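Participant: Structure file input_9.csv (CSV, C-alpha atoms) right here:
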```
chain,number,residue,atom,x,y,z
A,1,MET,CA,-16.4,29.4,24.9
A,2,LYS,CA,-14.4,29.8,28.1
A,3,ARG,CA,-14.2,33.6,27.4
A,4,LEU,CA,-18.0,33.7,27.0
A,5,SER,CA,-18.5,31.9,30.3
A,6,ALA,CA,-16.1,34.2,32.1
A,7,LEU,CA,-17.8,37.2,30.6
A,8,ALA,CA,-21.2,35.9,31.7
A,9,ILE,CA,-20.0,35.3,35.2
A,10,THR,CA,-18.4,38.8,35.4
A,11,LEU,CA,-21.6,40.4,34.2
A,12,LEU,CA,-23.7,38.5,36.8
A,13,VAL,CA,-21.3,39.5,39.6
A,14,LEU,CA,-21.4,43.1,38.5
A,15,LEU,CA,-25.2,43.1,38.4
A,16,ALA,CA,-25.4,41.5,41.8
A,17,SER,CA,-23.0,43.9,43.3
A,18,THR,CA,-24.6,47.0,41.9
A,19,ARG,CA,-28.3,46.2,42.6
A,20,PRO,CA,-28.1,46.6,46.4
A,21,ALA,CA,-26.5,50.0,46.0
A,22,ARG,CA,-29.3,51.1,43.7
A,23,ALA,CA,-31.9,49.7,46.1
A,24,GLU,CA,-30.2,51.6,49.0
A,25,LYS,CA,-30.4,54.8,47.1
A,26,ARG,CA,-34.1,54.2,46.3
A,27,ARG,CA,-34.8,53.4,50.0
A,28,ALA,CA,-33.0,56.5,51.1
A,29,THR,CA,-34.9,58.9,48.8
A,30,ALA,CA,-38.4,57.2,48.4
A,31,PRO,CA,-41.1,57.6,51.0
A,32,PRO,CA,-42.2,54.4,52.9
A,33,ALA,CA,-44.4,52.0,50.9
A,34,ASP,CA,-48.1,52.9,51.1
A,35,ASP,CA,-49.2,49.4,51.8
A,36,SER,CA,-47.2,48.9,55.0
A,37,VAL,CA,-49.2,47.9,58.0
A,38,ALA,CA,-48.8,49.0,61.6
A,39,ILE,CA,-50.2,47.4,64.8
A,40,ALA,CA,-52.2,49.8,67.0
A,41,PHE,CA,-53.4,48.9,70.5
A,42,ILE,CA,-57.0,49.9,71.4
A,43,ASP,CA,-58.3,50.3,74.9
A,44,VAL,CA,-61.5,48.4,74.7
A,45,ASP,CA,-62.3,48.4,78.5
A,46,SER,CA,-62.7,52.1,79.1
A,47,SER,CA,-64.0,51.4,82.6
A,48,ASP,CA,-60.7,49.7,83.4
A,49,ALA,CA,-58.1,52.4,83.7
A,50,SER,CA,-55.2,50.0,84.0
A,51,MET,CA,-54.4,50.0,80.3
A,52,THR,CA,-52.7,52.9,78.5
A,53,ALA,CA,-52.5,52.5,74.7
A,54,ALA,CA,-50.3,54.7,72.5
A,55,GLY,CA,-50.1,53.4,68.9
A,56,SER,CA,-48.0,50.3,68.7
A,57,GLU,CA,-47.1,50.6,72.4
A,58,ALA,CA,-49.4,49.8,75.3
A,59,TRP,CA,-49.0,49.4,79.0
A,60,ILE,CA,-51.0,47.6,81.6
A,61,ASP,CA,-50.4,48.5,85.2
A,62,LEU,CA,-51.8,45.9,87.5
A,63,LYS,CA,-50.8,48.0,90.5
A,64,THR,CA,-51.0,45.8,93.6
A,65,VAL,CA,-51.7,42.1,93.1
A,66,THR,CA,-53.0,40.4,96.2
A,67,HIS,CA,-54.4,36.9,96.3
A,68,ALA,CA,-58.0,37.2,97.3
A,69,GLY,CA,-59.2,33.8,96.2
A,70,VAL,CA,-60.8,31.2,98.4
A,71,ALA,CA,-58.7,28.6,100.1
A,72,GLY,CA,-57.5,26.0,97.7
A,73,GLU,CA,-57.1,28.4,94.7
A,74,ARG,CA,-53.5,28.1,93.6
A,75,MET,CA,-53.2,31.4,91.7
A,76,THR,CA,-54.5,34.9,91.3
A,77,ARG,CA,-55.9,35.5,87.9
A,78,MET,CA,-56.3,38.9,86.3
A,79,ARG,CA,-58.1,39.3,83.0
A,80,ARG,CA,-57.8,42.2,80.6
A,81,ARG,CA,-59.3,42.6,77.1
A,82,ILE,CA,-56.8,43.8,74.5
A,83,GLY,CA,-57.9,45.5,71.3
A,84,ILE,CA,-55.7,45.3,68.3
A,85,ARG,CA,-56.2,47.1,65.0
A,86,LEU,CA,-54.1,46.7,61.9
A,87,LEU,CA,-53.6,50.0,60.0
A,88,ARG,CA,-52.3,50.6,56.5
A,89,ALA,CA,-50.2,53.6,55.9
A,90,ASN,CA,-52.4,54.5,52.9
A,91,GLY,CA,-55.5,54.3,55.0
A,92,LEU,CA,-57.1,51.5,53.1
A,93,ALA,CA,-58.8,48.8,55.1
A,94,LEU,CA,-57.7,46.1,52.7
A,95,GLY,CA,-55.9,42.8,53.0
A,96,THR,CA,-55.1,40.4,55.8
A,97,ALA,CA,-52.2,39.6,58.1
A,98,THR,CA,-51.1,36.8,60.4
A,99,ILE,CA,-50.7,37.8,64.0
A,100,SER,CA,-48.4,36.1,66.4
A,101,VAL,CA,-47.5,36.9,70.0
A,102,ARG,CA,-44.6,36.0,72.2
A,103,LEU,CA,-43.0,37.0,75.5
A,104,GLU,CA,-40.1,39.3,74.9
A,105,SER,CA,-39.1,39.4,78.5
A,106,TRP,CA,-40.7,38.4,81.8
A,107,ASP,CA,-39.6,37.8,85.4
A,108,GLY,CA,-41.2,34.4,85.9
A,109,ARG,CA,-43.7,35.6,88.5
A,110,ALA,CA,-46.7,35.1,86.3
A,111,THR,CA,-47.9,33.2,83.3
A,112,PHE,CA,-49.6,34.9,80.4
A,113,ARG,CA,-52.3,33.6,78.2
A,114,ILE,CA,-53.9,35.0,75.1
A,115,ASP,CA,-57.4,33.5,74.5
A,116,GLY,CA,-56.4,30.6,76.8
A,117,LYS,CA,-53.1,29.9,75.0
A,118,GLN,CA,-50.0,30.2,77.2
A,119,LEU,CA,-47.3,32.5,75.9
A,120,SER,CA,-43.6,31.8,75.8
A,121,SER,CA,-40.6,33.2,74.0
A,122,THR,CA,-41.7,31.2,70.9
A,123,PRO,CA,-44.2,33.1,68.7
A,124,LEU,CA,-47.7,31.9,69.2
A,125,LEU,CA,-50.0,32.2,66.2
A,126,ILE,CA,-53.3,33.8,67.3
A,127,ALA,CA,-54.8,34.9,64.1
A,128,ILE,CA,-54.5,33.8,60.5
A,129,ARG,CA,-55.9,36.2,57.8
A,130,ALA,CA,-56.8,38.9,60.4
A,131,ALA,CA,-58.5,41.7,58.5
A,132,VAL,CA,-56.8,45.0,58.2
A,133,GLY,CA,-59.1,47.8,59.6
A,134,PRO,CA,-61.5,46.4,62.3
A,135,VAL,CA,-60.6,46.1,65.9
A,136,MET,CA,-59.9,42.6,67.1
A,137,VAL,CA,-60.3,41.8,70.8
A,138,TYR,CA,-58.2,39.3,72.6
A,139,THR,CA,-58.4,38.2,76.2
A,140,LEU,CA,-55.2,38.4,78.2
A,141,ASP,CA,-55.1,36.3,81.4
A,142,ILE,CA,-52.3,37.0,83.8
A,143,ASP,CA,-51.9,34.2,86.4
A,144,VAL,CA,-49.8,34.7,89.5
A,145,PRO,CA,-49.3,31.4,91.4
A,146,VAL,CA,-49.6,31.7,95.2
A,147,SER,CA,-46.1,30.2,95.3
A,148,ALA,CA,-44.6,33.2,93.6
A,149,THR,CA,-42.6,35.4,95.8
A,150,GLU,CA,-43.8,38.9,96.5
A,151,GLY,CA,-42.2,41.8,94.5
A,152,ALA,CA,-42.3,43.6,91.3
A,153,LEU,CA,-43.9,42.0,88.3
A,154,ALA,CA,-42.9,42.9,84.8
A,155,ALA,CA,-43.3,41.4,81.4
A,156,SER,CA,-43.1,42.6,77.8
A,157,ILE,CA,-45.3,41.0,75.2
A,158,ARG,CA,-44.4,41.3,71.6
A,159,TRP,CA,-47.2,41.3,68.9
A,160,GLU,CA,-46.2,40.8,65.3
A,161,ALA,CA,-48.3,41.1,62.2
A,162,LEU,CA,-47.1,39.5,59.0
A,163,VAL,CA,-48.7,41.0,56.0
A,164,GLU,CA,-49.5,38.4,53.4
B,1,MET,CA,-21.1,26.3,30.4
B,2,LYS,CA,-23.4,24.2,32.6
B,3,LYS,CA,-21.8,25.6,35.7
B,4,THR,CA,-22.2,29.2,34.5
B,5,LEU,CA,-25.9,28.6,33.9
B,6,ALA,CA,-26.4,27.1,37.3
B,7,VAL,CA,-24.8,30.2,39.0
B,8,GLY,CA,-27.0,32.5,36.9
B,9,PHE,CA,-30.2,30.6,37.9
B,10,VAL,CA,-29.3,30.9,41.6
B,11,VAL,CA,-28.8,34.6,41.4
B,12,ALA,CA,-32.1,35.0,39.6
B,13,MET,CA,-34.0,33.0,42.3
B,14,PHE,CA,-32.6,35.2,45.0
B,15,GLY,CA,-33.9,38.2,43.2
B,16,ILE,CA,-37.4,36.7,43.1
B,17,VAL,CA,-37.4,35.7,46.7
B,18,SER,CA,-36.3,39.1,47.9
B,19,THR,CA,-39.1,40.9,46.1
B,20,ALA,CA,-41.8,38.4,47.3
B,21,SER,CA,-40.9,38.5,51.0
B,22,ALA,CA,-43.8,39.6,53.4
B,23,ALA,CA,-43.7,42.8,55.5
B,24,THR,CA,-43.7,42.5,59.3
B,25,SER,CA,-44.9,45.1,61.8
B,26,SER,CA,-44.8,44.8,65.6
B,27,GLY,CA,-46.2,46.3,68.8
B,28,THR,CA,-45.2,45.8,72.4
B,29,LEU,CA,-47.5,45.4,75.4
B,30,THR,CA,-45.8,46.0,78.7
B,31,VAL,CA,-47.3,44.6,81.9
B,32,THR,CA,-46.2,45.8,85.3
B,33,GLY,CA,-47.5,45.4,88.9
B,34,THR,CA,-46.4,44.5,92.4
B,35,VAL,CA,-47.2,41.1,93.9
B,36,GLU,CA,-48.0,41.4,97.6
B,37,SER,CA,-48.0,38.6,100.1
B,38,SER,CA,-51.2,37.7,101.9
B,39,ILE,CA,-52.9,35.2,104.3
B,40,SER,CA,-56.5,34.1,104.6
B,41,LEU,CA,-58.3,32.6,107.5
B,42,THR,CA,-61.5,30.5,107.3
B,43,ILE,CA,-63.6,28.8,109.9
B,44,GLU,CA,-63.9,25.3,108.5
B,45,SER,CA,-66.1,23.6,111.2
B,46,ALA,CA,-67.8,24.3,114.6
B,47,GLY,CA,-70.3,22.7,116.9
B,48,GLY,CA,-74.0,23.7,116.7
B,49,THR,CA,-76.0,24.4,113.6
B,50,THR,CA,-73.4,26.3,111.6
B,51,SER,CA,-73.5,28.5,108.6
B,52,GLY,CA,-70.8,30.3,106.7
B,53,THR,CA,-68.2,27.6,107.2
B,54,GLY,CA,-65.4,27.9,104.7
B,55,THR,CA,-65.5,31.6,105.1
B,56,ALA,CA,-64.1,34.1,107.6
B,57,ALA,CA,-67.5,34.8,109.1
B,58,ALA,CA,-69.2,31.6,110.4
B,59,SER,CA,-72.0,31.5,112.9
B,60,SER,CA,-73.2,28.7,115.2
B,61,ASP,CA,-76.6,28.4,116.6
B,62,LEU,CA,-76.9,26.3,119.8
B,63,GLY,CA,-80.6,26.8,120.2
B,64,ASN,CA,-82.1,26.6,123.7
B,65,ILE,CA,-79.7,25.0,126.1
B,66,SER,CA,-80.1,23.8,129.6
B,67,LYS,CA,-78.2,21.7,132.1
B,68,PHE,CA,-80.7,18.9,132.1
B,69,GLY,CA,-81.7,19.2,128.5
B,70,SER,CA,-80.0,17.6,125.5
B,71,ALA,CA,-76.7,18.7,124.0
B,72,PRO,CA,-76.9,21.0,121.0
B,73,THR,CA,-75.9,19.5,117.6
B,74,GLY,CA,-72.1,18.8,117.5
B,75,PHE,CA,-71.7,19.4,121.3
B,76,THR,CA,-71.4,17.1,124.3
B,77,LEU,CA,-72.9,18.1,127.6
B,78,ALA,CA,-71.1,17.4,130.9
B,79,ARG,CA,-72.9,18.2,134.2
B,80,GLY,CA,-70.8,19.3,137.2
B,81,ALA,CA,-71.7,19.9,140.8
B,82,SER,CA,-72.2,23.6,140.3
B,83,ASN,CA,-72.0,24.1,136.6
B,84,TRP,CA,-72.3,22.4,133.3
B,85,THR,CA,-70.1,22.4,130.2
B,86,LEU,CA,-70.9,22.3,126.5
B,87,SER,CA,-67.9,20.9,124.5
B,88,SER,CA,-67.1,20.9,120.8
B,89,THR,CA,-64.3,21.9,118.5
B,90,VAL,CA,-63.6,24.7,116.1
B,91,GLY,CA,-61.7,24.1,112.9
B,92,VAL,CA,-59.6,27.0,111.6
B,93,GLN,CA,-57.6,27.1,108.5
B,94,VAL,CA,-55.1,29.6,107.4
B,95,VAL,CA,-53.6,29.7,103.9
B,96,LYS,CA,-50.9,31.9,102.5
B,97,ALA,CA,-50.1,33.3,99.1
B,98,ASN,CA,-46.8,34.8,97.8
B,99,LEU,CA,-45.3,34.5,101.2
B,100,THR,CA,-42.1,32.7,102.4
B,101,SER,CA,-43.3,32.3,106.0
B,102,THR,CA,-43.5,28.7,107.1
B,103,ASP,CA,-46.0,29.0,110.0
B,104,TYR,CA,-48.3,31.4,111.8
B,105,THR,CA,-49.6,32.5,115.2
B,106,LEU,CA,-53.3,32.2,115.9
B,107,THR,CA,-55.0,34.1,118.6
B,108,ALA,CA,-58.7,34.4,119.7
B,109,GLN,CA,-60.6,37.1,121.6
B,110,LEU,CA,-64.2,37.5,122.6
B,111,GLY,CA,-66.1,40.2,120.8
B,112,SER,CA,-67.9,41.3,124.0
B,113,ALA,CA,-67.7,40.5,127.7
B,114,PRO,CA,-69.3,37.1,128.5
B,115,ALA,CA,-72.5,36.9,130.4
B,116,SER,CA,-72.1,36.6,134.2
B,117,GLY,CA,-71.3,33.0,135.1
B,118,VAL,CA,-70.4,32.0,131.6
B,119,ALA,CA,-66.9,31.2,130.5
B,120,TRP,CA,-65.7,30.6,126.9
B,121,LYS,CA,-62.7,28.4,126.5
B,122,LEU,CA,-60.5,27.5,123.5
B,123,ASN,CA,-57.8,24.9,123.9
B,124,GLY,CA,-58.4,25.0,127.6
B,125,SER,CA,-57.7,28.7,127.9
B,126,THR,CA,-60.4,31.1,129.1
B,127,LEU,CA,-61.1,33.9,126.5
B,128,SER,CA,-61.8,37.5,127.4
B,129,ASP,CA,-62.8,40.5,125.5
B,130,SER,CA,-59.9,42.6,126.7
B,131,ALA,CA,-56.9,40.5,125.5
B,132,ALA,CA,-56.1,38.0,122.8
B,133,THR,CA,-55.3,34.4,123.8
B,134,THR,CA,-52.7,32.6,121.8
B,135,LEU,CA,-54.0,29.2,120.5
B,136,THR,CA,-50.8,28.3,118.6
B,137,SER,CA,-47.6,30.0,117.5
B,138,THR,CA,-46.7,27.3,115.1
B,139,GLY,CA,-49.8,26.9,112.9
B,140,THR,CA,-49.4,25.0,109.7
B,141,TYR,CA,-50.6,26.7,106.6
B,142,ALA,CA,-53.3,25.1,104.5
B,143,SER,CA,-54.1,22.6,107.3
B,144,THR,CA,-57.2,22.8,109.4
B,145,GLY,CA,-56.3,23.1,113.0
B,146,SER,CA,-58.8,21.7,115.5
B,147,TYR,CA,-59.3,23.6,118.8
B,148,SER,CA,-61.3,22.3,121.7
B,149,TRP,CA,-64.2,24.7,122.4
B,150,ASP,CA,-65.9,24.7,125.8
B,151,ILE,CA,-68.7,26.9,127.2
B,152,VAL,CA,-68.8,26.6,130.9
B,153,ILE,CA,-72.1,27.8,132.5
B,154,ALA,CA,-72.5,28.2,136.2
B,155,ASP,CA,-75.7,27.0,137.8
B,156,SER,CA,-76.0,30.4,139.2
B,157,ALA,CA,-76.0,32.1,135.7
B,158,ALA,CA,-79.2,33.8,134.8
B,159,ALA,CA,-81.4,32.2,132.2
B,160,ALA,CA,-80.6,34.5,129.3
B,161,ALA,CA,-78.9,34.6,125.9
B,162,ILE,CA,-75.2,33.8,126.0
B,163,ASP,CA,-74.5,35.2,122.5
B,164,ASN,CA,-70.9,36.2,121.8
B,165,THR,CA,-68.4,36.4,119.0
B,166,ILE,CA,-64.9,34.8,118.9
B,167,ASN,CA,-62.5,36.8,116.8
B,168,PHE,CA,-59.7,34.8,115.4
B,169,THR,CA,-56.5,36.5,114.2
B,170,ALA,CA,-53.7,34.9,112.3
B,171,ALA,CA,-50.3,36.5,111.9
B,172,SER,CA,-47.5,35.0,109.7
B,173,ASN,CA,-44.3,34.3,111.6
```
Will you turn the file into structure tokens for me?

Facilitator:
Amino acid sequence: MKRLSALAITLLVLLASTRPARAEKRRATAPPADDSVAIAFIDVDSSDASMTAAGSEAWIDLKTVTHAGVAGERMTRMRRRIGIRLLRANGLALGTATISVRLESWDGRATFRIDGKQLSSTPLLIAIRAAVGPVMVYTLDIDVPVSATEGALAASIRWEALVE
Amino acid sequence: MKKTLAVGFVVAMFGIVSTASAATSSGTLTVTGTVESSISLTIESAGGTTSGTGTAAASSDLGNISKFGSAPTGFTLARGASNWTLSSTVGVQVVKANLTSTDYTLTAQLGSAPASGVAWKLNGSTLSDSAATTLTSTGTYASTGSYSWDIVIADSAAAAAIDNTINFTAASN
């Protein structure tokens, strides 16, 4: 009985140790899975030249931010519309994904909101079962308080899609 | 035997979990810009029938004025031996944004030369159209400063319009 148990354990250990190696080999030789999904930014405000979209990377250059509000306004708000499209490698517009957004880095000069919800370093769920294929438009509000010191403003916003 | 089975079950569960895990993809949106400091000046109040208060371009209509008539709205009238004075106040507010400055300097200058025999005064100082007059060099941001405003008209001044513009300029210290 003890020998049988020892044999079973040895077999399981061997199986466990060889499977990753096989998987590694498969990953190294096989092409990427066809059902993988990529995020693509879409410039939905063509009249606003401040956004540059290039696949899964996009850049908004606010250029000079000057408070032009009336007396009593405590911040300068800039609003941009952000288009997001989920694309499958196989080209099929099938399935859904959960989209979350978080601040990857920022200098503290501004606060960022997607559809009114303030971003932080903790992922913020903005869409459940977002369809693969169509463009989804979100509103990004960038608020610079009048108390913020002048200088360069920089932030990096991370968008993540979890395919279900 | 029971222990062996338990180990085998755990290994099998890991296999199932790893094949059912969801795929994640990501994208990055970078935001850049330069925040510039600024200040804003507004006329908050003035004598006369005013319009545009709360903005940087207010106007005040005094209507028809005379030494022995009644004072325009928001003004008092004082008659002297050879002149008469209309007195009121002007409220000016300066606010700052993205600026570390703690106070500002406020000056005033007439937009055009005053009519003969008419003097425009703010805080007791006679204004001219050729040089700015300093009203304060320690103005407090976001607080309305009230400055006395006098229009002194000589009895010898011709009966005519006295229209003019007072240009206020604020500079952060």

Participant: Determine, using only C-alpha atoms, which residues of chain B have any atom at most 6 Å from an atom of chain A, and tabulate each with its shortest atom pair and distance in Å to one decimal place, rows ordered by chain and then rising number, as a Markdown table.

Facilitator:
```
| residue | atom | partner | partner_atom | distance |
| --- | --- | --- | --- | --- |
| B:Ala22 | CA | A:Val163 | CA | 5.7 |
| B:Ala23 | CA | A:Val163 | CA | 5.3 |
| B:Thr24 | CA | A:Leu162 | CA | 4.5 |
| B:Ser25 | CA | A:Ala161 | CA | 5.3 |
| B:Ser26 | CA | A:Glu160 | CA | 4.2 |
| B:Gly27 | CA | A:Ser56 | CA | 4.4 |
| B:Thr28 | CA | A:Arg158 | CA | 4.6 |
| B:Leu29 | CA | A:Ala58 | CA | 4.8 |
| B:Thr30 | CA | A:Ser156 | CA | 4.4 |
| B:Val31 | CA | A:Ile60 | CA | 4.8 |
| B:Thr32 | CA | A:Ala154 | CA | 4.4 |
| B:Gly33 | CA | A:Lys63 | CA | 4.5 |
| B:Thr34 | CA | A:Ala152 | CA | 4.3 |
| B:Val35 | CA | A:Val65 | CA | 4.7 |
| B:Glu36 | CA | A:Glu150 | CA | 5.0 |
| B:Ser37 | CA | A:Glu150 | CA | 5.5 |
| B:Ala97 | CA | A:Val146 | CA | 4.2 |
| B:Asn98 | CA | A:Thr149 | CA | 4.7 |
```

Participant: Please report the interatomic distance between atom CA of Gly117 of chain B and atom CA of Gly63 of chain B in Å with one decimal.

Facilitator: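 Distance reported for this atom pair: 18.6 Å.
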
Participant: Any idea what the distance is between atom CA of Asp141 of chain A and atom CA of Arg77 of chain A?

Facilitator: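 So the two atoms, atom CA of Asp141 of chain A and atom CA of Arg77 of chain A, lie 6.6 Å apart.
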
Participant: What is the distance, in Å and to one decimal place, between atom CA of Thr139 of chain A and atom CA of Lys117 of chain A?

Facilitator: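 Between atom CA of Thr139 of chain A and atom CA of Lys117 of chain A the gap is 9.9 Å.
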
Participant: Which is closer to Val94 of chain B than all the others in B:Thr126, B:Ser59, B:Ser143, B:Thr138, using all atoms listed in the file?

Facilitator: B:Ser143

Participant: As a list of chain:residue names, please: the residues near Phe168 of chain B (cut-off 10 Å, only C-alpha atoms, same-chain neighbours under 6 positions excluded).

Facilitator: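 Everything that qualifies: B:Leu41, B:Thr42, B:Ile43, B:Ala56, B:Val92, B:Leu106, B:Thr107, B:Ala108, B:Gln109, B:Leu110, B:Gly111, B:Ala132, B:Thr133, B:Thr134, B:Leu135.
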